[in-house]
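Beneath this line is the structure, given in structure tokens, with notes to follow.
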Amino acid sequence: MDEEAGVPRQKTAAHGEAVSRERIRDAAIRLFGERGYAVIGMRDLSEAVGILPGSLYSHISSKEDLLLDIVISGITAFTDVIQPVVDSDLPADQKMREAIRAHLMVLARQVEQTRVTFHQWQYLGAENRAKAVEVRQKYEDLFAQIIDEGVASNTFRDSGHHRLPVLMIAGILGSATEWYQPEGRMSAEEMADAISDQVLMGLQQSS
């Protein structure tokens, strides 16, 4: 039985491999990433896993439901690794560095999903977009907490606009999906250190 959908797993005609929501989700990440959510239809998804279009509904309720799953699980992967950093006893500047490093480590593991997560969530309808925004807010709040702690400890200067640096950091990390390459010149760790240096340069008190 398919544990997620509660129905028997089907076999693809082409490869004899079990079809599950996870396989459909993986195919959707690849197709949405390569061609964009808007142009991918249920037939494209069914062909990618080797079943009839109607059989997809044994595993997913809609294409948008699949996108919502990808987006929410994508953001949650980041909050899951950043939350322990925020909860630690590290000073604020080190928390920021470790949080950025944690983000880049997740990006390195799931580049395709992260690209879909941060750049195609806008295709969600109003109700599902609100769900995605709520989860995204939790992610941004983690960075806001680090900045607030840094200002309170005089590690970071108080610009009077605590939300602005959060949006800037989120923008930098979100855009990293466009220029990070797993086989590129810089490793995820090196990129995280370079980003952290620039972010902290803007946040820290002048000596």
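Labeling convention for the structure tokens: chains A, B, ... as they appear, residues from 1 per chain, ligands from 1 in order of appearance.
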
Can you tell me, as a JSON list (two decimals) with N, CA and C atoms, in the first residue's frame, which residues in range 38-106 of chain A count as helix (DSSP H, G or I) by DSSP?
```
[["chain", "number", "residue", "atom", "x", "y", "z"],
["A", 38, "ALA", "N", 3.64, 26.71, -14.97],
["A", 38, "ALA", "CA", 2.50, 27.11, -15.80],
["A", 38, "ALA", "C", 2.33, 26.25, -17.04],
["A", 39, "VAL", "N", 3.41, 25.73, -17.60],
["A", 39, "VAL", "CA", 3.31, 25.00, -18.87],
["A", 39, "VAL", "C", 3.25, 23.48, -18.68],
["A", 42, "MET", "N", -1.03, 17.77, -16.36],
["A", 42, "MET", "CA", -1.12, 16.45, -15.75],
["A", 42, "MET", "C", -0.60, 15.37, -16.69],
["A", 43, "ARG", "N", -0.77, 15.56, -17.98],
["A", 43, "ARG", "CA", -0.25, 14.58, -18.93],
["A", 43, "ARG", "C", 1.28, 14.52, -18.89],
["A", 44, "ASP", "N", 1.91, 15.68, -18.75],
["A", 44, "ASP", "CA", 3.37, 15.70, -18.64],
["A", 44, "ASP", "C", 3.83, 14.93, -17.41],
["A", 45, "LEU", "N", 3.13, 15.13, -16.30],
["A", 45, "LEU", "CA", 3.49, 14.45, -15.07],
["A", 45, "LEU", "C", 3.26, 12.94, -15.19],
["A", 46, "SER", "N", 2.14, 12.57, -15.80],
["A", 46, "SER", "CA", 1.85, 11.13, -15.94],
["A", 46, "SER", "C", 2.86, 10.45, -16.85],
["A", 47, "GLU", "N", 3.25, 11.11, -17.92],
["A", 47, "GLU", "CA", 4.25, 10.54, -18.83],
["A", 47, "GLU", "C", 5.60, 10.40, -18.13],
["A", 48, "ALA", "N", 5.91, 11.34, -17.25],
["A", 48, "ALA", "CA", 7.20, 11.31, -16.56],
["A", 48, "ALA", "C", 7.33, 10.10, -15.64],
["A", 49, "VAL", "N", 6.21, 9.63, -15.10],
["A", 49, "VAL", "CA", 6.26, 8.46, -14.20],
["A", 49, "VAL", "C", 5.67, 7.21, -14.84],
["A", 53, "PRO", "N", -2.91, 9.69, -17.16],
["A", 53, "PRO", "CA", -3.19, 10.93, -16.42],
["A", 53, "PRO", "C", -4.22, 10.75, -15.31],
["A", 54, "GLY", "N", -5.27, 9.98, -15.58],
["A", 54, "GLY", "CA", -6.30, 9.78, -14.56],
["A", 54, "GLY", "C", -5.79, 9.07, -13.33],
["A", 55, "SER", "N", -4.76, 8.26, -13.49],
["A", 55, "SER", "CA", -4.22, 7.51, -12.36],
["A", 55, "SER", "C", -3.46, 8.40, -11.38],
["A", 56, "LEU", "N", -3.07, 9.59, -11.83],
["A", 56, "LEU", "CA", -2.38, 10.51, -10.93],
["A", 56, "LEU", "C", -3.25, 10.88, -9.73],
["A", 57, "TYR", "N", -4.57, 10.90, -9.95],
["A", 57, "TYR", "CA", -5.47, 11.35, -8.89],
["A", 57, "TYR", "C", -5.60, 10.32, -7.77],
["A", 58, "SER", "N", -5.00, 9.15, -7.95],
["A", 58, "SER", "CA", -4.91, 8.21, -6.84],
["A", 58, "SER", "C", -3.84, 8.65, -5.84],
["A", 63, "LYS", "N", -2.61, 19.51, -9.52],
["A", 63, "LYS", "CA", -1.25, 20.00, -9.77],
["A", 63, "LYS", "C", -0.87, 21.07, -8.75],
["A", 64, "GLU", "N", -1.82, 21.91, -8.38],
["A", 64, "GLU", "CA", -1.54, 22.95, -7.41],
["A", 64, "GLU", "C", -1.25, 22.36, -6.03],
["A", 65, "ASP", "N", -1.96, 21.30, -5.68],
["A", 65, "ASP", "CA", -1.69, 20.62, -4.41],
["A", 65, "ASP", "C", -0.25, 20.13, -4.38],
["A", 66, "LEU", "N", 0.23, 19.66, -5.51],
["A", 66, "LEU", "CA", 1.60, 19.18, -5.62],
["A", 66, "LEU", "C", 2.59, 20.34, -5.44],
["A", 67, "LEU", "N", 2.31, 21.47, -6.07],
["A", 67, "LEU", "CA", 3.18, 22.64, -5.93],
["A", 67, "LEU", "C", 3.21, 23.12, -4.47],
["A", 68, "LEU", "N", 2.05, 23.14, -3.83],
["A", 68, "LEU", "CA", 1.99, 23.57, -2.43],
["A", 68, "LEU", "C", 2.85, 22.65, -1.56],
["A", 69, "ASP", "N", 2.77, 21.36, -1.80],
["A", 69, "ASP", "CA", 3.58, 20.39, -1.06],
["A", 69, "ASP", "C", 5.07, 20.69, -1.25],
["A", 70, "ILE", "N", 5.47, 20.93, -2.49],
["A", 70, "ILE", "CA", 6.87, 21.22, -2.80],
["A", 70, "ILE", "C", 7.34, 22.49, -2.10],
["A", 71, "VAL", "N", 6.50, 23.53, -2.15],
["A", 71, "VAL", "CA", 6.87, 24.82, -1.56],
["A", 71, "VAL", "C", 6.97, 24.72, -0.04],
["A", 72, "ILE", "N", 5.96, 24.15, 0.60],
["A", 72, "ILE", "CA", 5.95, 24.10, 2.06],
["A", 72, "ILE", "C", 7.07, 23.19, 2.58],
["A", 73, "SER", "N", 7.24, 22.04, 1.97],
["A", 73, "SER", "CA", 8.31, 21.15, 2.43],
["A", 73, "SER", "C", 9.67, 21.76, 2.15],
["A", 74, "GLY", "N", 9.77, 22.53, 1.05],
["A", 74, "GLY", "CA", 11.02, 23.20, 0.73],
["A", 74, "GLY", "C", 11.40, 24.24, 1.77],
["A", 75, "ILE", "N", 10.44, 25.08, 2.17],
["A", 75, "ILE", "CA", 10.73, 26.10, 3.18],
["A", 75, "ILE", "C", 10.98, 25.45, 4.54],
["A", 76, "THR", "N", 10.19, 24.43, 4.86],
["A", 76, "THR", "CA", 10.34, 23.77, 6.15],
["A", 76, "THR", "C", 11.72, 23.15, 6.32],
["A", 77, "ALA", "N", 12.30, 22.69, 5.22],
["A", 77, "ALA", "CA", 13.65, 22.12, 5.29],
["A", 77, "ALA", "C", 14.65, 23.15, 5.80],
["A", 78, "PHE", "N", 14.43, 24.42, 5.47],
["A", 78, "PHE", "CA", 15.32, 25.49, 5.94],
["A", 78, "PHE", "C", 15.04, 25.83, 7.40],
["A", 79, "THR", "N", 13.77, 25.97, 7.76],
["A", 79, "THR", "CA", 13.46, 26.33, 9.14],
["A", 79, "THR", "C", 13.90, 25.23, 10.11],
["A", 80, "ASP", "N", 13.84, 23.99, 9.66],
["A", 80, "ASP", "CA", 14.23, 22.87, 10.54],
["A", 80, "ASP", "C", 15.70, 22.91, 10.93],
["A", 81, "VAL", "N", 16.54, 23.42, 10.03],
["A", 81, "VAL", "CA", 17.98, 23.48, 10.36],
["A", 81, "VAL", "C", 18.39, 24.81, 10.97],
["A", 82, "ILE", "N", 17.62, 25.86, 10.72],
["A", 82, "ILE", "CA", 17.97, 27.17, 11.26],
["A", 82, "ILE", "C", 17.45, 27.34, 12.68],
["A", 83, "GLN", "N", 16.31, 26.73, 13.00],
["A", 83, "GLN", "CA", 15.74, 26.87, 14.34],
["A", 83, "GLN", "C", 16.72, 26.48, 15.45],
["A", 84, "PRO", "N", 17.43, 25.34, 15.33],
["A", 84, "PRO", "CA", 18.39, 25.00, 16.39],
["A", 84, "PRO", "C", 19.50, 26.02, 16.55],
["A", 85, "VAL", "N", 19.88, 26.67, 15.46],
["A", 85, "VAL", "CA", 20.90, 27.72, 15.54],
["A", 85, "VAL", "C", 20.37, 28.90, 16.35],
["A", 86, "VAL", "N", 19.13, 29.29, 16.07],
["A", 86, "VAL", "CA", 18.51, 30.40, 16.79],
["A", 86, "VAL", "C", 18.35, 30.07, 18.27],
["A", 87, "ASP", "N", 18.05, 28.82, 18.58],
["A", 87, "ASP", "CA", 17.84, 28.40, 19.96],
["A", 87, "ASP", "C", 19.14, 28.18, 20.74],
["A", 92, "ALA", "N", 25.00, 36.57, 18.65],
["A", 92, "ALA", "CA", 24.17, 36.86, 17.48],
["A", 92, "ALA", "C", 24.93, 36.81, 16.16],
["A", 93, "ASP", "N", 26.16, 37.34, 16.15],
["A", 93, "ASP", "CA", 26.91, 37.35, 14.89],
["A", 93, "ASP", "C", 27.25, 35.93, 14.45],
["A", 94, "GLN", "N", 27.57, 35.06, 15.42],
["A", 94, "GLN", "CA", 27.85, 33.67, 15.07],
["A", 94, "GLN", "C", 26.59, 32.93, 14.67],
["A", 95, "LYS", "N", 25.46, 33.27, 15.32],
["A", 95, "LYS", "CA", 24.19, 32.68, 14.91],
["A", 95, "LYS", "C", 23.87, 33.02, 13.46],
["A", 96, "MET", "N", 24.11, 34.29, 13.09],
["A", 96, "MET", "CA", 23.83, 34.69, 11.71],
["A", 96, "MET", "C", 24.69, 33.90, 10.74],
["A", 97, "ARG", "N", 25.95, 33.76, 11.07],
["A", 97, "ARG", "CA", 26.86, 33.02, 10.20],
["A", 97, "ARG", "C", 26.43, 31.55, 10.08],
["A", 98, "GLU", "N", 26.06, 30.95, 11.20],
["A", 98, "GLU", "CA", 25.66, 29.54, 11.18],
["A", 98, "GLU", "C", 24.31, 29.35, 10.50],
["A", 99, "ALA", "N", 23.41, 30.32, 10.64],
["A", 99, "ALA", "CA", 22.11, 30.23, 9.98],
["A", 99, "ALA", "C", 22.26, 30.30, 8.47],
["A", 100, "ILE", "N", 23.12, 31.19, 8.01],
["A", 100, "ILE", "CA", 23.37, 31.30, 6.57],
["A", 100, "ILE", "C", 24.05, 30.04, 6.06],
["A", 101, "ARG", "N", 24.98, 29.51, 6.83],
["A", 101, "ARG", "CA", 25.64, 28.26, 6.44],
["A", 101, "ARG", "C", 24.61, 27.11, 6.37],
["A", 102, "ALA", "N", 23.71, 27.05, 7.35],
["A", 102, "ALA", "CA", 22.69, 26.00, 7.35],
["A", 102, "ALA", "C", 21.81, 26.11, 6.11],
["A", 103, "HIS", "N", 21.45, 27.34, 5.75],
["A", 103, "HIS", "CA", 20.65, 27.56, 4.54],
["A", 103, "HIS", "C", 21.36, 27.03, 3.31],
["A", 104, "LEU", "N", 22.62, 27.36, 3.17],
["A", 104, "LEU", "CA", 23.37, 26.94, 1.98],
["A", 104, "LEU", "C", 23.55, 25.43, 1.93],
["A", 105, "MET", "N", 23.67, 24.79, 3.10],
["A", 105, "MET", "CA", 23.80, 23.33, 3.13],
["A", 105, "MET", "C", 22.53, 22.66, 2.61],
["A", 106, "VAL", "N", 21.36, 23.22, 2.99],
["A", 106, "VAL", "CA", 20.10, 22.68, 2.47],
["A", 106, "VAL", "C", 20.01, 22.92, 0.97]]
```

Neighbour list for range 176-181 of chain A as a tab-separated table (two decimals) with all heavy atoms, in the first residue's frame, cut-off 9 Å, only C-alpha atoms, skip fewer than 4 positions in-chain:
```
chain	number	residue	atom	x	y	z
A	104	LEU	N	22.62	27.36	3.17
A	104	LEU	CA	23.37	26.94	1.98
A	104	LEU	C	23.55	25.43	1.93
A	104	LEU	O	23.60	24.83	0.86
A	104	LEU	CB	24.71	27.65	1.93
A	104	LEU	CG	24.78	28.94	1.10
A	104	LEU	CD1	24.59	28.65	-0.39
A	104	LEU	CD2	23.78	29.98	1.57
A	107	LEU	N	20.36	24.12	0.55
A	107	LEU	CA	20.35	24.43	-0.89
A	107	LEU	C	21.19	23.45	-1.67
A	107	LEU	O	20.78	22.96	-2.73
A	107	LEU	CB	20.85	25.86	-1.11
A	107	LEU	CG	21.11	26.26	-2.57
A	107	LEU	CD1	19.83	26.17	-3.39
A	107	LEU	CD2	21.70	27.66	-2.64
A	108	ALA	N	22.36	23.13	-1.15
A	108	ALA	CA	23.26	22.20	-1.85
A	108	ALA	C	22.63	20.82	-2.01
A	108	ALA	O	22.91	20.12	-2.98
A	108	ALA	CB	24.58	22.09	-1.09
A	111	VAL	N	18.80	21.59	-4.70
A	111	VAL	CA	18.85	22.79	-5.56
A	111	VAL	C	17.58	22.94	-6.37
A	111	VAL	O	16.97	24.02	-6.41
A	111	VAL	CB	20.08	22.74	-6.49
A	111	VAL	CG1	20.08	23.94	-7.42
A	111	VAL	CG2	21.37	22.68	-5.69
A	112	GLU	N	17.14	21.87	-7.03
A	112	GLU	CA	15.97	21.97	-7.90
A	112	GLU	C	14.72	22.34	-7.11
A	112	GLU	O	13.95	23.20	-7.54
A	112	GLU	CB	15.75	20.65	-8.65
A	112	GLU	CG	16.75	20.38	-9.75
A	112	GLU	CD	16.39	19.13	-10.55
A	112	GLU	OE1	15.88	18.16	-9.94
A	112	GLU	OE2	16.60	19.11	-11.76
A	114	THR	N	14.54	23.88	-4.27
A	114	THR	CA	14.64	25.24	-3.76
A	114	THR	C	14.31	26.26	-4.83
A	114	THR	O	13.67	27.28	-4.56
A	114	THR	CB	16.06	25.49	-3.20
A	114	THR	OG1	16.32	24.54	-2.16
A	114	THR	CG2	16.17	26.88	-2.61
A	115	ARG	N	14.73	26.00	-6.06
A	115	ARG	CA	14.40	26.92	-7.15
A	115	ARG	C	12.90	27.00	-7.37
A	115	ARG	O	12.34	28.09	-7.56
A	115	ARG	CB	15.11	26.47	-8.43
A	115	ARG	CG	16.61	26.75	-8.40
A	115	ARG	CD	17.32	26.19	-9.60
A	115	ARG	NE	18.75	26.50	-9.54
A	115	ARG	CZ	19.69	25.83	-10.18
A	115	ARG	NH1	19.36	24.80	-10.95
A	115	ARG	NH2	20.95	26.18	-10.07
A	118	PHE	N	11.21	28.90	-4.15
A	118	PHE	CA	11.35	30.34	-3.99
A	118	PHE	C	10.92	31.14	-5.23
A	118	PHE	O	10.73	32.35	-5.12
A	118	PHE	CB	12.79	30.69	-3.62
A	118	PHE	CG	13.13	30.39	-2.19
A	118	PHE	CD1	13.91	29.30	-1.87
A	118	PHE	CD2	12.65	31.18	-1.17
A	118	PHE	CE1	14.22	29.00	-0.54
A	118	PHE	CE2	12.95	30.90	0.16
A	118	PHE	CZ	13.73	29.81	0.47
A	171	GLY	N	16.33	37.91	0.51
A	171	GLY	CA	16.50	38.11	-0.92
A	171	GLY	C	17.82	37.55	-1.43
A	171	GLY	O	17.86	36.91	-2.49
A	172	ILE	N	18.88	37.77	-0.69
A	172	ILE	CA	20.19	37.25	-1.08
A	172	ILE	C	20.17	35.73	-1.10
A	172	ILE	O	20.63	35.10	-2.06
A	172	ILE	CB	21.28	37.75	-0.11
A	172	ILE	CG1	21.49	39.26	-0.27
A	172	ILE	CG2	22.60	37.00	-0.36
A	172	ILE	CD1	22.36	39.87	0.81
A	185	ARG	N	32.75	26.71	-8.94
A	185	ARG	CA	34.06	27.06	-8.39
A	185	ARG	C	34.02	27.16	-6.87
A	185	ARG	O	34.98	26.80	-6.19
A	185	ARG	CB	34.51	28.39	-9.00
A	185	ARG	CG	35.89	28.86	-8.54
A	185	ARG	CD	36.28	30.10	-9.30
A	185	ARG	NE	35.34	31.18	-9.10
A	185	ARG	CZ	35.36	32.03	-8.07
A	185	ARG	NH1	36.28	31.89	-7.13
A	185	ARG	NH2	34.48	33.00	-7.98
A	186	MET	N	32.92	27.65	-6.33
A	186	MET	CA	32.80	27.80	-4.87
A	186	MET	C	31.93	26.70	-4.29
A	186	MET	O	30.88	26.37	-4.84
A	186	MET	CB	32.19	29.16	-4.52
A	186	MET	CG	33.05	30.36	-4.86
A	186	MET	SD	32.24	31.92	-4.38
A	186	MET	CE	32.31	31.80	-2.60
A	187	SER	N	32.35	26.14	-3.17
A	187	SER	CA	31.53	25.17	-2.47
A	187	SER	C	30.42	25.90	-1.72
A	187	SER	O	30.46	27.13	-1.56
A	187	SER	CB	32.38	24.38	-1.48
A	187	SER	OG	32.82	25.21	-0.42
A	188	ALA	N	29.45	25.15	-1.24
A	188	ALA	CA	28.36	25.76	-0.47
A	188	ALA	C	28.92	26.43	0.79
A	188	ALA	O	28.48	27.51	1.17
A	188	ALA	CB	27.33	24.70	-0.09
A	191	MET	N	30.63	29.69	-0.21
A	191	MET	CA	29.63	30.69	-0.56
A	191	MET	C	28.95	31.23	0.69
A	191	MET	O	28.71	32.44	0.81
A	191	MET	CB	28.60	30.10	-1.52
A	191	MET	CG	27.59	31.10	-2.04
A	191	MET	SD	26.48	30.39	-3.26
A	191	MET	CE	27.63	30.07	-4.60
```

| field | For Phe32 in chain A, the nearest of the candidates A:Gln145, A:Gln113, A:Asn154, A:Ser159, counting only C-alpha atoms | value | A:Gln113

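The two atoms in question, CA of Ile146 in chain A and CA of Ala130 in chain A, are spaced 24.8 Å apart.
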
| request: Would you please give, as a ChimeraX atom specification, all residues of chain A that DSSP assigns to strand (DSSP E or B) based on the backbone? | output: /A:10-11,18-19,156,204

Just to be explicit: take each residue in the selection above, keep N, CA, C and O atoms, and write the result as a PDB file, in the first residue's frame.
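Saved as out27.pdb:
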```
ATOM      1  N   GLN A  10       1.167   1.656  -7.936  1.00  0.00           N
ATOM      2  CA  GLN A  10       1.045   1.165  -9.289  1.00  0.00           C
ATOM      3  C   GLN A  10       2.420   0.950  -9.885  1.00  0.00           C
ATOM      4  O   GLN A  10       3.402   1.484  -9.401  1.00  0.00           O
ATOM      5  N   LYS A  11       2.495   0.168 -10.940  1.00  0.00           N
ATOM      6  CA  LYS A  11       3.745  -0.081 -11.635  1.00  0.00           C
ATOM      7  C   LYS A  11       3.767   0.690 -12.950  1.00  0.00           C
ATOM      8  O   LYS A  11       2.777   0.750 -13.661  1.00  0.00           O
ATOM      9  N   ALA A  18       7.663   1.131  -8.859  1.00  0.00           N
ATOM     10  CA  ALA A  18       6.477   1.524  -8.118  1.00  0.00           C
ATOM     11  C   ALA A  18       6.223   3.019  -8.266  1.00  0.00           C
ATOM     12  O   ALA A  18       7.134   3.832  -8.159  1.00  0.00           O
ATOM     13  N   VAL A  19       4.975   3.390  -8.529  1.00  0.00           N
ATOM     14  CA  VAL A  19       4.590   4.787  -8.626  1.00  0.00           C
ATOM     15  C   VAL A  19       4.021   5.214  -7.276  1.00  0.00           C
ATOM     16  O   VAL A  19       3.129   4.563  -6.746  1.00  0.00           O
ATOM     17  N   PHE A 156      24.965  44.182  16.859  1.00  0.00           N
ATOM     18  CA  PHE A 156      24.513  44.798  15.614  1.00  0.00           C
ATOM     19  C   PHE A 156      24.051  46.220  15.909  1.00  0.00           C
ATOM     20  O   PHE A 156      23.512  46.505  16.989  1.00  0.00           O
ATOM     21  N   GLN A 204      26.992  44.842  11.714  1.00  0.00           N
ATOM     22  CA  GLN A 204      27.761  45.034  12.937  1.00  0.00           C
ATOM     23  C   GLN A 204      28.052  46.502  13.230  1.00  0.00           C
ATOM     24  O   GLN A 204      28.074  47.348  12.327  1.00  0.00           O
TER      25      GLN A 204
END
```

| task | May I ask for the distance between CA of Lys131 in chain A and CA of Thr117 in chain A, given in Å to one decimal place? | result | 13.0 Å

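As for CA of Leu142 in chain A and CA of Glu190 in chain A, they are spaced 22.4 Å apart.
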
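Nearest to Ile60 in chain A of all the residues A:Val133, A:Ser175, A:Ile24, A:His161 is A:Ile24, counting only C-alpha atoms.
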